[in-house]
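Undergrad: Input input.cif, format and content: mmCIF, C-alpha atoms.
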```
data_target
#
loop_
_atom_site.label_atom_id
_atom_site.label_comp_id
_atom_site.auth_asym_id
_atom_site.auth_seq_id
_atom_site.Cartn_x
_atom_site.Cartn_y
_atom_site.Cartn_z
CA GLN J 2 -24.06 32.01 -33.07
CA VAL J 3 -27.18 30.06 -33.95
CA GLN J 4 -29.02 30.65 -37.18
CA LEU J 5 -32.64 29.61 -37.50
CA VAL J 6 -34.24 29.32 -40.90
CA GLU J 7 -37.98 28.98 -41.27
CA SER J 8 -39.64 27.52 -44.33
CA GLY J 9 -42.97 26.14 -45.43
CA GLY J 10 -45.04 29.28 -45.51
CA GLY J 11 -47.24 30.24 -48.42
CA LEU J 12 -50.73 31.02 -49.62
CA VAL J 13 -53.51 28.64 -48.66
CA GLN J 14 -57.28 28.74 -48.67
CA ALA J 15 -59.23 28.78 -45.46
CA GLY J 16 -59.56 25.28 -44.08
CA GLY J 17 -56.28 24.19 -45.58
CA SER J 18 -53.05 23.08 -43.95
CA LEU J 19 -49.40 24.02 -43.92
CA ARG J 20 -46.36 22.67 -42.11
CA LEU J 21 -43.67 25.10 -41.11
CA SER J 22 -40.11 24.03 -40.46
CA CYS J 23 -37.39 25.74 -38.48
CA ALA J 24 -33.89 24.44 -39.07
CA ALA J 25 -30.93 25.35 -36.89
CA SER J 26 -27.46 25.89 -38.32
CA GLU J 27 -25.70 24.29 -35.41
CA ARG J 28 -26.17 22.97 -31.92
CA THR J 29 -28.89 20.58 -31.16
CA PHE J 30 -32.39 21.58 -30.29
CA SER J 31 -32.53 19.11 -27.49
CA ASN J 32 -32.63 20.67 -24.04
CA TYR J 33 -33.51 24.16 -25.26
CA PRO J 34 -36.89 25.84 -24.87
CA MET J 35 -38.28 26.90 -28.21
CA GLY J 36 -41.34 28.47 -29.67
CA TRP J 37 -43.32 29.63 -32.65
CA PHE J 38 -44.54 33.21 -32.79
CA ARG J 39 -46.37 35.30 -35.35
CA GLN J 40 -46.85 38.91 -36.26
CA ALA J 41 -49.69 40.23 -38.36
CA PRO J 42 -49.51 43.65 -40.03
CA GLY J 43 -50.03 46.43 -37.54
CA LYS J 44 -50.00 44.05 -34.59
CA GLU J 45 -47.47 43.03 -31.99
CA ARG J 46 -45.64 39.73 -32.20
CA GLU J 47 -47.53 37.07 -30.30
CA ILE J 48 -47.03 33.58 -29.00
CA VAL J 49 -48.39 30.74 -31.11
CA VAL J 50 -46.96 27.73 -29.29
CA LEU J 51 -44.10 27.10 -26.88
CA ILE J 52 -42.23 23.95 -25.93
CA SER J 53 -40.07 23.28 -22.89
CA ARG J 54 -36.49 22.07 -23.02
CA SER J 55 -37.54 18.47 -22.46
CA GLY J 56 -40.41 18.73 -24.88
CA GLY J 57 -42.71 17.51 -22.17
CA ILE J 58 -44.48 20.80 -21.64
CA THR J 59 -46.24 22.75 -24.34
CA TYR J 60 -48.34 25.88 -24.35
CA TYR J 61 -50.73 26.76 -27.15
CA ALA J 62 -52.40 30.10 -27.64
CA ASP J 63 -56.16 29.76 -27.31
CA SER J 64 -56.60 30.86 -30.89
CA VAL J 65 -54.71 27.83 -32.25
CA LYS J 66 -55.58 25.09 -29.77
CA GLY J 67 -56.82 21.98 -31.49
CA ARG J 68 -55.61 23.18 -34.88
CA PHE J 69 -51.83 23.60 -34.56
CA THR J 70 -49.26 21.08 -33.34
CA ILE J 71 -45.62 21.66 -32.45
CA SER J 72 -43.05 18.90 -32.82
CA ARG J 73 -39.30 18.61 -32.78
CA ASP J 74 -36.82 16.32 -34.50
CA ASP J 75 -33.62 16.67 -32.52
CA ALA J 76 -31.67 14.43 -34.90
CA LYS J 77 -32.44 16.86 -37.72
CA ASN J 78 -32.18 19.99 -35.59
CA THR J 79 -35.60 20.94 -36.87
CA LEU J 80 -38.70 22.31 -35.19
CA TYR J 81 -42.07 21.92 -36.89
CA LEU J 82 -45.45 23.59 -36.72
CA GLN J 83 -48.31 21.66 -38.27
CA MET J 84 -51.17 24.04 -38.97
CA ASN J 85 -54.58 22.64 -39.85
CA SER J 86 -57.99 24.22 -40.39
CA LEU J 87 -56.33 27.51 -41.19
CA LYS J 88 -58.33 30.70 -40.91
CA PRO J 89 -57.81 34.14 -42.49
CA GLU J 90 -56.93 35.48 -39.05
CA ASP J 91 -53.92 33.14 -39.01
CA THR J 92 -52.34 35.31 -41.72
CA ALA J 93 -49.02 36.59 -40.39
CA VAL J 94 -45.27 36.24 -40.56
CA TYR J 95 -44.33 33.21 -38.46
CA TYR J 96 -41.08 33.11 -36.51
CA CYS J 97 -39.31 30.41 -34.55
CA ALA J 98 -37.07 31.21 -31.63
CA VAL J 99 -34.77 29.39 -29.24
CA ARG J 100 -33.53 30.12 -25.74
CA ILE J 101 -29.96 28.93 -25.21
CA ARG J 102 -29.16 30.59 -21.89
CA LYS J 103 -29.60 28.55 -18.73
CA SER J 104 -33.14 27.25 -18.53
CA PHE J 105 -35.39 25.21 -16.36
CA ASP J 106 -37.76 22.66 -17.77
CA ARG J 107 -40.69 25.00 -18.13
CA ILE J 108 -42.38 27.32 -20.54
CA TYR J 109 -40.93 30.80 -21.13
CA VAL J 110 -43.66 33.22 -22.12
CA ASP J 111 -41.84 36.50 -22.71
CA LEU J 112 -40.39 37.25 -26.12
CA SER J 113 -37.30 38.60 -24.38
CA ASP J 114 -36.72 35.12 -22.93
CA TYR J 115 -35.54 33.92 -26.33
CA ASP J 116 -32.03 34.46 -27.62
CA TYR J 117 -32.18 33.71 -31.34
CA TRP J 118 -34.89 34.26 -33.91
CA GLY J 119 -35.40 33.20 -37.48
CA GLN J 120 -36.13 35.62 -40.29
CA GLY J 121 -39.76 34.57 -40.53
CA THR J 122 -41.93 32.94 -43.14
CA GLN J 123 -45.14 34.45 -44.51
CA VAL J 124 -48.39 32.56 -44.11
CA THR J 125 -51.39 33.96 -45.97
CA VAL J 126 -54.83 32.39 -45.61
CA SER J 127 -57.44 33.47 -48.11
CA SER J 128 -61.15 33.39 -47.36
#
```
What do you get writing this file as structure tokens?
TA:
Amino acid sequence: QVQLVESGGGLVQAGGSLRLSCAASERTFSNYPMGWFRQAPGKEREIVVLISRSGGITYYADSVKGRFTISRDDAKNTLYLQMNSLKPEDTAVYYCAVRIRKSFDRIYVDLSDYDYWGQGTQVTVSS
């Protein structure tokens, strides 16, 4: 059983920055596809950014390209999401997720592809 714990959310003004962290209770992140997702009130959960098992392939939603950056510290079992130039439309609960079943070195784009999810961290961007 893997537990993922997100942190780093909060209230920030438009144009500001936040860095989210996702720490795993056990196992190593290396060789597992992972991703950041978000869900705004009244909307479906959506992809923010995905990373392949090797870390060599990433996919960013168009809405965050050039502003958000995913990174991973395997030694610390922690996944990060650096968010810059935040906009009010970025307001949502942000979740990290990991796929631990057999995987190829590619991006997995369906939410059902992921096996474990964190509890989420709220990000609120004021205008």
Undergrad: Exactly which residues make up the result of the PyMOL selection byres ((chain J and resi 83) around 7) on this file, given as a list in words?
TA: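 For this structure, the PyMOL selection byres ((chain J and resi 83) around 7) resolves to Leu19, Arg20, Leu21, Phe69, Thr70, Ile71, Tyr81, Leu82, Met84 and Asn85 of chain J.
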Undergrad: Determine the residue set returned by the PyMOL selection byres ((chain J and resi 61) around 9) for the present structure, and present it as a VMD selection string.
TA: chain J and resid 48 to 51 59 to 60 62 to 67 69 to 71
Undergrad: May I have the selected residues written with C-alpha atoms, as a compact mmCIF listing (two decimals), keeping the file's coordinate frame?
TA:
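Written out: part.txt:
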```txt
# COMPACT_ATOMS: atom_id res chain seq x y z
CA ILE J 48 -47.03 33.58 -29.00
CA VAL J 49 -48.39 30.74 -31.11
CA VAL J 50 -46.96 27.73 -29.29
CA LEU J 51 -44.10 27.10 -26.88
CA THR J 59 -46.24 22.75 -24.34
CA TYR J 60 -48.34 25.88 -24.35
CA ALA J 62 -52.40 30.10 -27.64
CA ASP J 63 -56.16 29.76 -27.31
CA SER J 64 -56.60 30.86 -30.89
CA VAL J 65 -54.71 27.83 -32.25
CA LYS J 66 -55.58 25.09 -29.77
CA GLY J 67 -56.82 21.98 -31.49
CA PHE J 69 -51.83 23.60 -34.56
CA THR J 70 -49.26 21.08 -33.34
CA ILE J 71 -45.62 21.66 -32.45
```
Undergrad: Quote the spacing between atom CA of J:Arg68 and atom CA of J:Ser18 in Å to one decimal place.
TA: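 Distance reported for this atom pair: 9.4 Å.
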Undergrad: Please check which residues have atoms at most 10 Å from (-59.3, 33.8, -43.8) in the file's coordinates, counting all atoms listed in the file, and write them as number ranges by chain.
TA: J: 13-16, 87-92, 125-128
Undergrad: I need the residue set behind the PyMOL selection byres ((chain J and resi 39) around 9) for this file; please write it as a list of chain:residue names.
TA: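 So the PyMOL selection byres ((chain J and resi 39) around 9) ends up selecting J:Trp37, J:Phe38, J:Gln40, J:Ala41, J:Glu45, J:Arg46, J:Glu47, J:Ile48, J:Val49, J:Asp91, J:Thr92, J:Ala93, J:Val94, J:Tyr95, J:Tyr96, J:Cys97, J:Gly121.
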Undergrad: Could you save those same residues with C-alpha atoms as a compact mmCIF listing (two decimals), in the coordinates of the input?
TA:
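Generated output (again.txt):
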```txt
# COMPACT_ATOMS: atom_id res chain seq x y z
CA TRP J 37 -43.32 29.63 -32.65
CA PHE J 38 -44.54 33.21 -32.79
CA GLN J 40 -46.85 38.91 -36.26
CA ALA J 41 -49.69 40.23 -38.36
CA GLU J 45 -47.47 43.03 -31.99
CA ARG J 46 -45.64 39.73 -32.20
CA GLU J 47 -47.53 37.07 -30.30
CA ILE J 48 -47.03 33.58 -29.00
CA VAL J 49 -48.39 30.74 -31.11
CA ASP J 91 -53.92 33.14 -39.01
CA THR J 92 -52.34 35.31 -41.72
CA ALA J 93 -49.02 36.59 -40.39
CA VAL J 94 -45.27 36.24 -40.56
CA TYR J 95 -44.33 33.21 -38.46
CA TYR J 96 -41.08 33.11 -36.51
CA CYS J 97 -39.31 30.41 -34.55
CA GLY J 121 -39.76 34.57 -40.53
```
Undergrad: For J:Phe105, which residue among J:Trp118, J:Leu80, J:Ile52, J:Ser22 is the nearest when counting all atoms listed in the file?
TA: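 Among the listed residues, the smallest separation from J:Phe105 belongs to J:Ile52.
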Undergrad: Quick one: pull the distance between atom CA of J:Ser55 and atom CA of J:Ser31, Å, one decimal.
TA: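 Computing it gives 7.1 Å between the two atoms.
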Undergrad: Pick from J:Thr79, J:Ser86, J:Gly43, J:Ile108: nearest to J:Glu7, with only C-alpha atoms counted?
TA: J:Thr79
Undergrad: Return stretch 68-102 of chain J, completed with N, CA and C atoms, as an mmCIF file, in the coordinates of the input.
TA:
```
data_model
loop_
_atom_site.group_PDB
_atom_site.id
_atom_site.type_symbol
_atom_site.label_atom_id
_atom_site.label_comp_id
_atom_site.auth_asym_id
_atom_site.auth_seq_id
_atom_site.Cartn_x
_atom_site.Cartn_y
_atom_site.Cartn_z
ATOM 1 N N ARG J 68 -55.873 23.055 -33.440
ATOM 2 C CA ARG J 68 -55.610 23.180 -34.880
ATOM 3 C C ARG J 68 -54.118 23.080 -35.213
ATOM 4 N N PHE J 69 -53.270 23.588 -34.332
ATOM 5 C CA PHE J 69 -51.830 23.600 -34.560
ATOM 6 C C PHE J 69 -51.151 22.595 -33.645
ATOM 7 N N THR J 70 -50.031 22.027 -34.138
ATOM 8 C CA THR J 70 -49.260 21.080 -33.340
ATOM 9 C C THR J 70 -47.778 21.348 -33.518
ATOM 10 N N ILE J 71 -47.072 21.468 -32.412
ATOM 11 C CA ILE J 71 -45.620 21.660 -32.450
ATOM 12 C C ILE J 71 -44.947 20.295 -32.288
ATOM 13 N N SER J 72 -43.843 20.109 -32.988
ATOM 14 C CA SER J 72 -43.050 18.900 -32.820
ATOM 15 C C SER J 72 -41.593 19.230 -33.088
ATOM 16 N N ARG J 73 -40.735 18.333 -32.669
ATOM 17 C CA ARG J 73 -39.300 18.610 -32.780
ATOM 18 C C ARG J 73 -38.570 17.332 -33.158
ATOM 19 N N ASP J 74 -37.676 17.432 -34.121
ATOM 20 C CA ASP J 74 -36.820 16.320 -34.500
ATOM 21 C C ASP J 74 -35.397 16.711 -34.146
ATOM 22 N N ASP J 75 -34.938 16.260 -32.989
ATOM 23 C CA ASP J 75 -33.620 16.670 -32.520
ATOM 24 C C ASP J 75 -32.507 16.149 -33.425
ATOM 25 N N ALA J 76 -32.699 14.987 -34.016
ATOM 26 C CA ALA J 76 -31.670 14.430 -34.900
ATOM 27 C C ALA J 76 -31.470 15.309 -36.130
ATOM 28 N N LYS J 77 -32.531 15.982 -36.549
ATOM 29 C CA LYS J 77 -32.440 16.860 -37.720
ATOM 30 C C LYS J 77 -32.305 18.322 -37.346
ATOM 31 N N ASN J 78 -32.246 18.599 -36.043
ATOM 32 C CA ASN J 78 -32.180 19.990 -35.590
ATOM 33 C C ASN J 78 -33.303 20.825 -36.189
ATOM 34 N N THR J 79 -34.476 20.274 -36.225
ATOM 35 C CA THR J 79 -35.600 20.940 -36.870
ATOM 36 C C THR J 79 -36.821 20.958 -35.967
ATOM 37 N N LEU J 80 -37.445 22.115 -35.917
ATOM 38 C CA LEU J 80 -38.700 22.310 -35.190
ATOM 39 C C LEU J 80 -39.811 22.469 -36.219
ATOM 40 N N TYR J 81 -40.963 21.865 -35.941
ATOM 41 C CA TYR J 81 -42.070 21.920 -36.890
ATOM 42 C C TYR J 81 -43.300 22.557 -36.270
ATOM 43 N N LEU J 82 -44.133 23.112 -37.139
ATOM 44 C CA LEU J 82 -45.450 23.590 -36.720
ATOM 45 C C LEU J 82 -46.446 23.115 -37.775
ATOM 46 N N GLN J 83 -47.243 22.126 -37.396
ATOM 47 C CA GLN J 83 -48.310 21.660 -38.270
ATOM 48 C C GLN J 83 -49.535 22.520 -38.028
ATOM 49 N N MET J 84 -50.025 23.136 -39.091
ATOM 50 C CA MET J 84 -51.170 24.040 -38.970
ATOM 51 C C MET J 84 -52.312 23.505 -39.821
ATOM 52 N N ASN J 85 -53.389 23.158 -39.173
ATOM 53 C CA ASN J 85 -54.580 22.640 -39.850
ATOM 54 C C ASN J 85 -55.755 23.588 -39.662
ATOM 55 N N SER J 86 -56.766 23.404 -40.478
ATOM 56 C CA SER J 86 -57.990 24.220 -40.390
ATOM 57 C C SER J 86 -57.646 25.711 -40.332
ATOM 58 N N LEU J 87 -56.802 26.125 -41.218
ATOM 59 C CA LEU J 87 -56.330 27.510 -41.190
ATOM 60 C C LEU J 87 -57.463 28.495 -41.447
ATOM 61 N N LYS J 88 -57.341 29.639 -40.803
ATOM 62 C CA LYS J 88 -58.330 30.700 -40.910
ATOM 63 C C LYS J 88 -57.654 31.973 -41.421
ATOM 64 N N PRO J 89 -58.419 32.878 -42.030
ATOM 65 C CA PRO J 89 -57.810 34.140 -42.490
ATOM 66 C C PRO J 89 -57.094 34.890 -41.380
ATOM 67 N N GLU J 90 -57.583 34.775 -40.165
ATOM 68 C CA GLU J 90 -56.930 35.480 -39.050
ATOM 69 C C GLU J 90 -55.599 34.860 -38.644
ATOM 70 N N ASP J 91 -55.235 33.729 -39.245
ATOM 71 C CA ASP J 91 -53.920 33.140 -39.010
ATOM 72 C C ASP J 91 -52.857 33.779 -39.906
ATOM 73 N N THR J 92 -53.283 34.636 -40.819
ATOM 74 C CA THR J 92 -52.340 35.310 -41.720
ATOM 75 C C THR J 92 -51.358 36.147 -40.917
ATOM 76 N N ALA J 93 -50.071 35.900 -41.142
ATOM 77 C CA ALA J 93 -49.020 36.590 -40.390
ATOM 78 C C ALA J 93 -47.664 36.097 -40.888
ATOM 79 N N VAL J 94 -46.627 36.762 -40.421
ATOM 80 C CA VAL J 94 -45.270 36.240 -40.560
ATOM 81 C C VAL J 94 -45.010 35.381 -39.324
ATOM 82 N N TYR J 95 -44.580 34.158 -39.544
ATOM 83 C CA TYR J 95 -44.330 33.210 -38.460
ATOM 84 C C TYR J 95 -42.825 33.101 -38.212
ATOM 85 N N TYR J 96 -42.466 33.169 -36.933
ATOM 86 C CA TYR J 96 -41.080 33.110 -36.510
ATOM 87 C C TYR J 96 -40.868 31.964 -35.531
ATOM 88 N N CYS J 97 -39.697 31.331 -35.616
ATOM 89 C CA CYS J 97 -39.310 30.410 -34.550
ATOM 90 C C CYS J 97 -38.207 31.079 -33.747
ATOM 91 N N ALA J 98 -38.071 30.643 -32.522
ATOM 92 C CA ALA J 98 -37.070 31.210 -31.630
ATOM 93 C C ALA J 98 -36.583 30.148 -30.668
ATOM 94 N N VAL J 99 -35.363 30.330 -30.178
ATOM 95 C CA VAL J 99 -34.770 29.390 -29.240
ATOM 96 C C VAL J 99 -34.107 30.156 -28.093
ATOM 97 N N ARG J 100 -34.192 29.583 -26.932
ATOM 98 C CA ARG J 100 -33.530 30.120 -25.740
ATOM 99 C C ARG J 100 -32.365 29.224 -25.414
ATOM 100 N N ILE J 101 -31.127 29.754 -25.461
ATOM 101 C CA ILE J 101 -29.960 28.930 -25.210
ATOM 102 C C ILE J 101 -29.304 29.239 -23.876
ATOM 103 N N ARG J 102 -29.715 30.323 -23.220
ATOM 104 C CA ARG J 102 -29.160 30.590 -21.890
ATOM 105 C C ARG J 102 -29.717 29.561 -20.919
#
```
